[in-house]
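File shown here: start01.cif, holding mmCIF, C-alpha atoms.
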data_protein
#
loop_
_atom_site.label_atom_id
_atom_site.label_comp_id
_atom_site.auth_asym_id
_atom_site.auth_seq_id
_atom_site.Cartn_x
_atom_site.Cartn_y
_atom_site.Cartn_z
CA MET A 1 169.69 230.57 236.22
CA ASN A 2 171.57 233.13 234.14
CA ILE A 3 175.23 234.12 233.93
CA THR A 4 176.77 237.28 232.41
CA CYS A 5 179.54 237.13 229.84
CA PRO A 6 182.47 239.28 231.13
CA ASN A 7 183.38 240.38 227.65
CA CYS A 8 180.13 241.20 225.98
CA GLN A 9 178.00 241.51 229.09
CA THR A 10 175.50 239.10 227.54
CA GLU A 11 173.35 237.02 229.82
CA ILE A 12 173.35 233.34 229.08
CA GLU A 13 170.93 230.82 230.51
CA ILE A 14 172.91 227.94 232.00
CA ASP A 15 170.08 225.45 231.48
CA LYS A 16 169.91 226.27 227.79
CA ALA A 17 173.71 226.14 227.41
CA LEU A 18 174.00 222.79 229.21
CA GLY A 19 171.02 221.48 227.36
CA GLY A 20 172.62 222.44 224.09
CA GLN A 21 175.90 220.75 225.02
CA ILE A 22 174.12 217.60 226.15
CA GLU A 23 172.05 217.60 223.02
CA ALA A 24 175.22 218.08 220.98
CA GLN A 25 176.88 215.17 222.79
CA VAL A 26 173.84 212.96 222.27
CA ILE A 27 173.73 213.91 218.62
CA ALA A 28 177.46 213.20 218.29
CA ALA A 29 177.08 209.82 220.04
CA GLU A 30 174.12 208.93 217.86
CA HIS A 31 176.08 210.00 214.82
CA LYS A 32 179.03 207.82 215.90
CA LYS A 33 176.70 204.89 216.59
CA HIS A 34 175.22 205.30 213.16
CA GLU A 35 178.71 205.33 211.66
CA ILE A 36 179.60 202.09 213.54
CA GLU A 37 176.37 200.43 212.38
CA LEU A 38 177.05 201.71 208.89
CA ALA A 39 180.58 200.25 208.94
CA LYS A 40 179.25 196.92 210.31
CA VAL A 41 176.57 196.75 207.63
CA ARG A 42 179.16 197.58 204.99
CA ALA A 43 181.45 194.78 206.24
CA GLU A 44 178.61 192.24 206.32
CA ALA A 45 177.48 193.33 202.88
CA GLU A 46 181.02 192.99 201.55
CA GLN A 47 181.42 189.47 203.07
CA THR A 48 178.03 188.34 201.73
CA ALA A 49 178.64 189.81 198.29
CA ALA A 50 182.09 188.13 198.10
CA ARG A 51 180.53 184.64 198.31
CA GLU A 52 178.13 185.20 195.46
CA ARG A 53 178.89 184.76 191.82
CA GLU A 54 181.26 187.09 190.09
CA ALA A 55 178.52 189.03 188.36
CA ALA A 56 176.49 189.52 191.59
CA THR A 57 179.68 190.31 193.52
CA LEU A 58 180.75 192.96 191.05
CA ARG A 59 177.30 194.51 190.96
CA ALA A 60 176.90 194.53 194.76
CA ALA A 61 180.48 195.72 195.23
CA LYS A 62 179.96 198.59 192.80
CA GLN A 63 176.73 199.56 194.47
CA LEU A 64 178.21 199.31 197.98
CA ALA A 65 181.36 201.17 196.93
CA GLY A 66 179.27 203.96 195.46
CA GLU A 67 177.13 204.23 198.58
CA LYS A 68 180.20 204.06 200.80
CA GLU A 69 181.95 206.77 198.85
CA LEU A 70 178.80 208.91 198.90
CA LEU A 71 178.35 208.50 202.66
CA GLN A 72 182.05 209.08 203.33
CA GLN A 73 182.01 212.18 201.15
CA GLN A 74 178.88 213.43 202.83
CA ALA A 75 180.28 212.72 206.31
CA ALA A 76 183.57 214.33 205.37
CA ASP A 77 181.76 217.36 204.03
CA ASP A 78 179.62 217.57 207.17
CA LEU A 79 182.65 217.27 209.44
CA ALA A 80 184.60 219.78 207.40
CA LEU A 81 181.67 222.18 207.48
CA ALA A 82 181.28 221.78 211.23
CA ARG A 83 185.01 222.20 211.76
CA ARG A 84 185.04 225.37 209.68
CA LYS A 85 182.07 226.72 211.51
CA LEU A 86 183.63 225.98 214.89
CA GLU A 87 186.89 227.62 213.87
CA GLN A 88 185.06 230.66 212.62
CA GLU A 89 183.05 230.86 215.81
CA LEU A 90 186.19 230.63 217.98
CA LEU A 91 188.00 233.25 215.88
CA SER A 92 185.05 235.66 215.76
CA GLY A 93 185.18 236.02 219.54
CA GLN A 94 182.76 236.02 222.33
CA LYS A 95 180.60 238.70 220.75
CA LYS A 96 179.11 236.24 218.38
CA ALA A 97 179.18 233.34 220.90
CA SER A 98 175.48 233.37 221.50
CA ALA A 99 174.59 233.63 217.83
CA GLU A 100 177.21 231.05 216.86
CA GLN A 101 176.06 228.76 219.66
CA GLU A 102 172.50 228.95 218.49
CA SER A 103 173.67 228.47 214.93
CA LEU A 104 175.77 225.51 216.02
CA ILE A 105 172.88 223.97 217.91
CA LYS A 106 170.69 224.44 214.89
CA THR A 107 173.37 223.01 212.67
CA LEU A 108 173.84 219.99 214.97
CA LYS A 109 170.12 219.44 215.04
CA ASP A 110 170.06 219.56 211.29
CA ASP A 111 173.00 217.17 211.20
CA ALA A 112 171.25 214.85 213.62
CA GLU A 113 168.13 214.94 211.49
CA ALA A 114 170.26 214.36 208.40
CA ALA A 115 172.08 211.51 210.16
CA LYS A 116 168.73 210.01 211.10
CA GLU A 117 167.59 210.35 207.51
CA ASP A 118 170.86 208.83 206.31
CA SER A 119 170.48 205.97 208.78
CA LYS A 120 166.92 205.38 207.64
CA LYS A 121 168.03 205.55 204.05
CA LEU A 122 170.90 203.17 204.80
CA ARG A 123 168.50 200.68 206.41
CA GLU A 124 166.22 200.90 203.42
CA GLU A 125 169.18 200.42 201.09
CA GLN A 126 170.38 197.50 203.21
CA ALA A 127 166.92 195.91 203.04
CA GLU A 128 166.90 196.49 199.30
CA MET A 129 170.37 194.97 199.03
CA ILE A 130 169.30 191.92 201.07
CA LYS A 131 166.27 191.60 198.84
CA LEU A 132 168.51 191.80 195.76
CA LEU A 133 170.84 189.20 197.26
CA ARG A 134 167.92 186.86 197.96
CA GLU A 135 166.62 187.34 194.44
CA GLU A 136 170.12 186.73 193.11
CA LYS A 137 170.40 183.56 195.22
CA GLN A 138 167.02 182.36 194.01
CA ALA A 139 168.02 183.15 190.43
CA ARG A 140 171.24 181.22 190.93
CA ALA A 141 169.30 178.25 192.37
CA ASN A 142 166.93 178.36 189.40
CA ALA A 143 169.90 178.57 187.04
CA GLU A 144 171.54 175.58 188.74
CA LEU A 145 168.26 173.62 188.49
CA ASP A 146 167.98 174.51 184.80
CA ALA A 147 171.63 173.50 184.35
CA GLN A 148 170.96 170.14 186.04
CA LYS A 149 167.94 169.56 183.80
CA LYS A 150 169.98 170.46 180.76
CA LEU A 151 172.80 168.23 182.00
CA ALA A 152 170.35 165.35 182.38
CA GLN A 153 169.09 165.95 178.84
CA ASP A 154 172.69 166.13 177.62
CA GLU A 155 173.46 162.88 179.47
CA ASP A 156 170.51 161.15 177.77
CA LYS A 157 171.67 162.50 174.44
CA ILE A 158 175.27 161.44 175.12
CA ARG A 159 174.10 157.99 176.26
CA GLU A 160 172.02 157.61 173.11
CA GLU A 161 174.94 158.69 170.95
CA ALA A 162 177.23 156.31 172.87
CA GLU A 163 174.79 153.44 172.28
CA LYS A 164 174.63 154.30 168.59
CA SER A 165 178.42 154.48 168.47
CA ALA A 166 178.75 151.16 170.29
CA THR A 167 176.23 149.56 167.93
CA GLU A 168 178.12 150.89 164.93
CA LYS A 169 181.42 149.68 166.37
CA GLN A 170 179.89 146.27 167.03
CA ARG A 171 178.57 146.14 163.48
CA LEU A 172 182.00 147.05 162.11
CA LYS A 173 183.63 144.43 164.34
CA LEU A 174 181.14 141.80 163.14
CA ALA A 175 181.77 142.82 159.56
CA GLU A 176 185.51 142.58 160.16
CA LYS A 177 185.07 139.15 161.76
CA ASP A 178 182.87 138.02 158.86
CA SER A 179 185.57 139.18 156.47
CA GLN A 180 188.21 137.34 158.48
CA LEU A 181 186.04 134.22 158.56
CA GLU A 182 185.47 134.45 154.83
CA THR A 183 189.22 134.81 154.27
CA ALA A 184 189.91 131.92 156.62
CA LYS A 185 187.28 129.84 154.85
CA LYS A 186 188.88 130.54 151.49
CA GLN A 187 192.28 129.62 152.89
CA LEU A 188 190.80 126.46 154.40
CA ASP A 189 189.16 125.54 151.10
CA GLU A 190 192.47 126.12 149.35
CA MET A 191 194.29 123.95 151.87
CA GLN A 192 191.58 121.31 151.55
CA ARG A 193 191.91 121.38 147.80
CA LYS A 194 195.67 120.96 148.08
CA LEU A 195 195.21 118.13 150.55
CA ASN A 196 192.73 116.44 148.22
CA GLN A 197 195.33 116.65 145.50
CA GLY A 198 197.72 114.68 147.71
CA SER A 199 198.40 111.04 147.54
CA GLN A 200 195.19 108.96 147.40
CA GLN A 201 197.23 105.96 148.44
CA MET A 202 198.40 107.70 151.62
CA GLN A 203 194.83 108.73 152.47
CA GLY A 204 193.63 105.19 151.89
CA GLU A 205 196.36 103.82 154.14
CA ILE A 206 195.35 106.28 156.89
CA LEU A 207 191.70 105.20 156.62
CA GLU A 208 192.76 101.56 156.60
CA LEU A 209 194.78 102.03 159.79
CA ASP A 210 191.89 103.92 161.44
CA LEU A 211 189.41 101.19 160.54
CA GLU A 212 191.80 98.49 161.67
CA GLU A 213 192.25 100.18 165.02
CA ALA A 214 188.50 100.83 165.42
CA LEU A 215 187.60 97.19 164.63
CA ALA A 216 190.25 95.87 166.98
CA HIS A 217 189.00 98.13 169.75
CA ALA A 218 185.30 97.36 169.19
CA PHE A 219 185.63 93.59 168.70
CA ARG A 220 188.40 92.27 170.90
CA ASP A 221 187.48 88.59 170.31
CA ASP A 222 187.92 88.88 166.51
CA ASP A 223 191.09 88.70 164.47
CA ILE A 224 191.65 91.85 162.45
CA ILE A 225 194.07 90.95 159.67
CA PRO A 226 195.29 93.66 157.26
CA VAL A 227 196.07 92.42 153.75
CA ALA A 228 199.72 92.97 152.87
CA LYS A 229 200.54 95.58 150.26
CA GLY A 230 201.16 94.16 146.80
CA VAL A 231 198.87 91.18 147.46
CA ASN A 232 195.64 90.95 145.47
CA GLY A 233 192.59 91.16 147.70
CA ALA A 234 190.68 93.47 149.98
CA ASP A 235 192.20 95.78 152.58
CA ILE A 236 191.16 94.15 155.88
CA SER A 237 189.92 90.69 156.77
CA GLN A 238 187.86 90.44 159.98
CA VAL A 239 187.62 86.90 161.32
CA VAL A 240 184.54 86.85 163.55
CA LYS A 241 184.91 84.68 166.65
CA SER A 242 182.63 83.85 169.52
CA GLN A 243 183.63 84.32 173.14
CA SER A 244 184.70 80.67 173.20
CA GLY A 245 187.07 81.30 170.26
CA ILE A 246 185.02 79.51 167.57
CA GLU A 247 185.31 81.07 164.09
CA CYS A 248 181.88 82.06 162.81
CA GLY A 249 182.71 83.81 159.56
CA VAL A 250 184.84 86.40 157.80
CA ILE A 251 183.97 90.00 156.86
CA LEU A 252 186.01 91.39 154.01
CA TRP A 253 186.56 95.18 154.09
CA GLU A 254 187.52 97.27 151.06
CA ILE A 255 188.28 100.97 151.62
CA LYS A 256 187.90 103.51 148.80
CA ARG A 257 188.88 107.17 148.80
CA THR A 258 187.67 108.72 145.55
CA LYS A 259 185.17 111.36 144.45
CA ASN A 260 183.16 108.97 142.25
CA TRP A 261 181.69 105.50 142.65
CA VAL A 262 183.20 102.87 140.31
CA ALA A 263 180.94 99.99 139.29
CA ASP A 264 183.89 97.59 138.85
CA TRP A 265 184.50 97.63 142.60
CA ILE A 266 181.63 95.18 143.26
CA PRO A 267 182.70 92.31 140.94
CA LYS A 268 186.34 92.70 142.03
CA LEU A 269 185.37 92.46 145.72
CA LYS A 270 183.22 89.41 144.98
CA THR A 271 186.23 87.76 143.35
CA ASP A 272 188.35 88.64 146.40
CA LEU A 273 185.55 87.25 148.60
CA ARG A 274 185.65 83.89 146.81
CA ASN A 275 189.44 83.75 146.82
CA ALA A 276 189.59 84.54 150.55
CA LYS A 277 186.67 82.21 151.29
CA ALA A 278 185.05 85.01 153.27
CA ASN A 279 181.37 85.45 154.05
CA VAL A 280 180.39 89.12 153.82
CA PRO A 281 181.93 91.76 151.51
CA VAL A 282 181.81 95.46 152.52
CA ILE A 283 182.97 98.57 150.64
CA ILE A 284 183.61 101.74 152.70
CA SER A 285 183.31 104.94 150.66
CA GLU A 286 182.08 108.49 151.07
CA ILE A 287 180.39 108.18 147.66
CA LEU A 288 177.76 105.41 147.39
CA PRO A 289 175.97 104.06 144.30
CA LYS A 290 172.89 105.91 143.07
CA GLN A 291 170.57 103.05 143.99
CA VAL A 292 171.51 103.41 147.68
CA ASP A 293 169.37 105.83 149.66
CA GLY A 294 171.04 107.01 152.81
CA ASP A 295 174.43 106.20 154.27
CA MET A 296 174.32 102.44 153.84
CA GLY A 297 172.90 99.91 151.39
CA HIS A 298 173.17 96.42 149.81
CA VAL A 299 174.06 96.31 146.10
CA ASP A 300 174.48 93.04 144.15
CA GLY A 301 175.44 91.06 147.22
CA VAL A 302 177.94 93.67 148.48
CA TRP A 303 177.43 96.06 151.36
CA ALA A 304 178.25 99.74 150.71
CA VAL A 305 178.56 102.06 153.71
CA LYS A 306 179.99 105.44 154.64
CA PRO A 307 182.90 105.54 157.12
CA LYS A 308 180.84 106.98 159.98
CA LEU A 309 178.56 103.89 160.02
CA ALA A 310 181.24 101.27 159.46
CA ILE A 311 181.33 100.09 163.09
CA VAL A 312 177.52 100.05 163.28
CA LEU A 313 177.33 97.84 160.17
CA ALA A 314 180.16 95.67 161.49
CA THR A 315 178.19 95.12 164.70
CA LEU A 316 175.07 94.07 162.79
CA LEU A 317 176.94 91.80 160.34
CA ARG A 318 178.95 90.26 163.16
CA LYS A 319 175.75 89.48 165.05
CA GLY A 320 174.39 87.68 161.99
CA LEU A 321 177.59 85.64 161.61
CA LEU A 322 177.58 84.79 165.32
CA ASP A 323 174.01 83.60 164.98
CA VAL A 324 175.09 81.45 162.01
CA GLY A 325 177.96 80.03 164.02
CA ARG A 326 175.65 79.28 166.91
CA GLN A 327 173.31 77.43 164.55
CA LYS A 328 176.24 75.51 163.15
CA ALA A 329 177.25 74.50 166.63
CA LEU A 330 173.72 73.34 167.41
CA ALA A 331 173.27 71.45 164.16
CA ALA A 332 176.62 70.76 162.60
CA ASN A 333 175.08 68.45 160.05
CA GLN A 334 172.39 70.85 158.93
CA GLY A 335 174.23 72.58 156.16
CA ASP A 336 170.99 73.69 154.58
CA LYS A 337 170.18 75.87 157.59
CA ALA A 338 173.58 77.51 157.40
CA SER A 339 173.05 78.15 153.73
CA SER A 340 169.60 79.51 154.50
CA LEU A 341 171.03 81.76 157.17
CA TYR A 342 173.72 82.99 154.82
CA SER A 343 171.06 83.58 152.19
CA PHE A 344 169.11 85.51 154.78
CA VAL A 345 172.13 87.60 155.73
CA THR A 346 172.72 88.47 152.09
CA SER A 347 169.04 88.98 151.31
CA HIS A 348 167.15 92.22 150.81
CA GLU A 349 165.01 91.50 153.89
CA PHE A 350 168.08 91.40 156.15
CA ALA A 351 169.42 94.52 154.44
CA GLN A 352 166.14 96.32 155.08
CA GLN A 353 166.16 95.29 158.73
CA VAL A 354 169.72 96.52 159.14
CA GLU A 355 168.85 99.73 157.30
CA SER A 356 165.83 100.19 159.59
CA MET A 357 168.06 99.83 162.65
CA VAL A 358 170.59 102.26 161.18
CA GLU A 359 167.83 104.76 160.32
CA THR A 360 166.57 104.54 163.91
CA TYR A 361 170.09 105.20 165.11
CA GLN A 362 170.40 108.17 162.74
CA GLU A 363 167.03 109.58 163.83
CA MET A 364 168.02 109.31 167.48
CA THR A 365 171.33 111.03 166.73
CA LEU A 366 169.58 113.78 164.76
CA GLN A 367 167.06 114.28 167.57
CA VAL A 368 169.88 114.63 170.08
CA VAL A 369 171.56 117.23 167.84
CA LYS A 370 168.29 119.14 167.42
CA GLU A 371 167.65 119.16 171.16
CA ARG A 372 171.20 120.31 171.82
CA VAL A 373 170.82 123.15 169.28
CA ALA A 374 167.44 124.17 170.75
CA TYR A 375 168.77 124.23 174.31
CA GLU A 376 171.89 126.12 173.24
CA LYS A 377 169.66 128.70 171.55
CA LEU A 378 167.42 128.97 174.63
CA TRP A 379 170.42 129.32 176.95
CA ALA A 380 171.91 131.99 174.71
CA GLN A 381 168.62 133.94 174.73
CA ARG A 382 168.36 133.73 178.51
CA GLU A 383 171.97 134.82 178.87
CA LYS A 384 171.33 137.84 176.62
CA GLN A 385 168.16 138.71 178.58
CA ALA A 386 170.00 138.45 181.90
CA GLN A 387 172.84 140.60 180.54
CA LYS A 388 170.35 143.18 179.22
CA LEU A 389 168.53 143.28 182.59
CA PHE A 390 171.81 143.76 184.45
CA MET A 391 172.98 146.54 182.10
CA ASN A 392 169.62 148.36 182.33
CA THR A 393 169.72 148.14 186.15
CA ALA A 394 173.27 149.53 186.21
CA SER A 395 172.22 152.34 183.84
CA ILE A 396 169.24 153.30 186.04
CA VAL A 397 171.36 153.32 189.20
CA GLY A 398 174.06 155.37 187.43
CA SER A 399 171.47 157.92 186.25
CA MET A 400 170.04 158.26 189.77
CA GLN A 401 173.52 158.73 191.20
CA GLY A 402 174.13 161.41 188.59
CA TYR A 403 170.98 163.28 189.66
CA ILE A 404 171.17 163.05 193.46
CA GLY A 405 174.87 162.31 193.97
CA GLN A 406 176.68 159.05 194.53
CA ALA A 407 177.14 159.70 198.26
CA SER A 408 173.36 160.05 198.77
CA MET A 409 172.62 156.51 197.61
CA PRO A 410 173.51 153.26 199.42
CA LYS A 411 176.06 150.98 197.83
CA ILE A 412 174.52 148.14 195.81
CA LYS A 413 176.44 144.88 195.88
CA GLY A 414 177.39 143.78 192.39
CA LEU A 415 177.39 147.30 190.92
CA GLU A 416 180.54 148.57 192.60
CA LEU A 417 184.13 148.14 191.43
CA GLY A 418 185.84 145.23 193.13
CA ASP A 419 182.66 143.21 193.82
CA GLY A 420 183.33 140.91 190.86
CA LEU A 421 179.63 140.14 190.29
CA GLY A 422 179.22 142.57 187.40
CA ASP A 423 182.34 141.17 185.69
CA ASP A 424 180.97 137.64 185.91
CA VAL A 425 177.65 138.68 184.43
CA LEU A 426 179.24 140.69 181.64
#
Taking this structure as input, can you express it in the form of structure tokens?
Amino acid sequence: MNITCPNCQTEIEIDKALGGQIEAQVIAAEHKKHEIELAKVRAEAEQTAAREREAATLRAAKQLAGEKELLQQQAADDLALARRKLEQELLSGQKKASAEQESLIKTLKDDAEAAKEDSKKLREEQAEMIKLLREEKQARANAELDAQKKLAQDEDKIREEAEKSATEKQRLKLAEKDSQLETAKKQLDEMQRKLNQGSQQMQGEILELDLEEALAHAFRDDDIIPVAKGVNGADISQVVKSQSGIECGVILWEIKRTKNWVADWIPKLKTDLRNAKANVPVIISEILPKQVDGDMGHVDGVWAVKPKLAIVLATLLRKGLLDVGRQKALAANQGDKASSLYSFVTSHEFAQQVESMVETYQEMTLQVVKERVAYEKLWAQREKQAQKLFMNTASIVGSMQGYIGQASMPKIKGLELGDGLGDDVL
């Protein structure tokens, strides 16, 4: 169906005119839809790019801004061109309506084709941008993995340096302690030297009181009689008594506190022995005669012993005197047997027997000391091994927590603060 223009008398087909308007509306709607999709894609791209690293964000933002500006400029140019064309067509009048309408339809078709091309191009650019974002994300993940590997290597290096530093600090502390011990030892030696320069008489009196107390405590049946100061004689007289109170003999004790053995001590003590009518003479001294091997010996009828074995010797001598007293009680008239027993007590055979008993005692004591030292060493080694095992376990757990995160691993009793087990082990 055709209509005639009243101005220019031009016939216009209504179907073509309506078709052109509908096509123009469809093209405009499609163009608007493309603009909405374009704005949505831009917003999503901006939100995605904002969460990436600064470098990727800047690069994506620059690229998106450039594309946005280009599209906006192109759309603005297209709209301005269409607006100018429409204004020109309206101003030129109805004479050019048909030509302008055809030109407009052609222009709109071209715009629609251009919009389609722009939309296709935008989709391709969006796909390229998504691809770039994925590559950037993968690159970031690879960079983080490399950083974790480097961090682990740095941790190993730091741990090794820390161990070296701790070892060096421990060595310096040990050296400082050794220096302090050496200084303390020198001070102790100096104090010991000054003490040794003190009164020998006072030291002898202290030893005499200690021996008196030890004898009284060990032999409660005996009479322990200290010799008064200023009176010639030995230091202590021990009257040996049986449980029934019978006197069985007297042990005469002389205490010496010097750095050298004096040979005149033996004849003097023998004189004191005869004057006191005692039975057994004993000299206590840290320094013994050269002919005595060990800590105790019998020299010219006098016993010489170190202070640490005084009570042991007293026990043995007392037993001999008790045996003599028992023999006297059994045969009071057999003086020869008592003399024989006394001769036996003062003989080398009895001395050797006593020395044998003392040596056995010393060997047992030494064996106990050796066993104690061996067990202490073994316990110390086991303690160090247990401590080393605990520290290595804690180090392994700490390294694993550093790699996978502390929250990803279950709590291990004894390796957490507040458990108290680690503190006891360390």
(request) In Å, rounded to a single decimal, give me how far CA of Glu37 in chain A is from CA of Ser103 in chain A. (result)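 A separation of 28.3 Å between them.
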(request) List the neighbours of range 247-262 of chain A out to 8 Å using all atoms listed in the file; skip same-chain residues closer than 4 positions along the sequence, and give me the result as a PyMOL selection string. (result) chain A and resi 200+203-204+207-208+234-242+269+273+277-289+321-322+324-326
(message) Please compute the CA of Glu163 in chain A-CA of Leu181 in chain A distance, one decimal, in Å.
(response) 26.2 Å
(request) Rounded to one decimal place, report the CA of Glu102 in chain A-CA of Gln73 in chain A distance in Å. (result)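 Computing the Euclidean distance for CA of Glu102 in chain A and CA of Gln73 in chain A yields 25.9 Å.
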(request) Can you work out which one of A:Leu211, A:Lys319, A:Glu35, A:Lys290 has the shortest atom-to-atom distance to Pro307 in chain A, counting only C-alpha atoms? (result)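 Closest to Pro307 in chain A, using only C-alpha atoms: A:Leu211.
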(message) Nearest residue to Asp300 in chain A out of A:Asp264, A:Glu113, A:Asp221, A:Asp210, using all atoms listed in the file?
(response)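 Closest residue, counting all atoms listed in the file: A:Asp264.
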(request) Using only C-alpha atoms, find the one residue out of A:Ile246, A:Ala228, A:Leu215, A:Leu330 that sits nearest to Thr315 in chain A. (result)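 Answer, going by the shortest atom-to-atom distance: A:Leu215.
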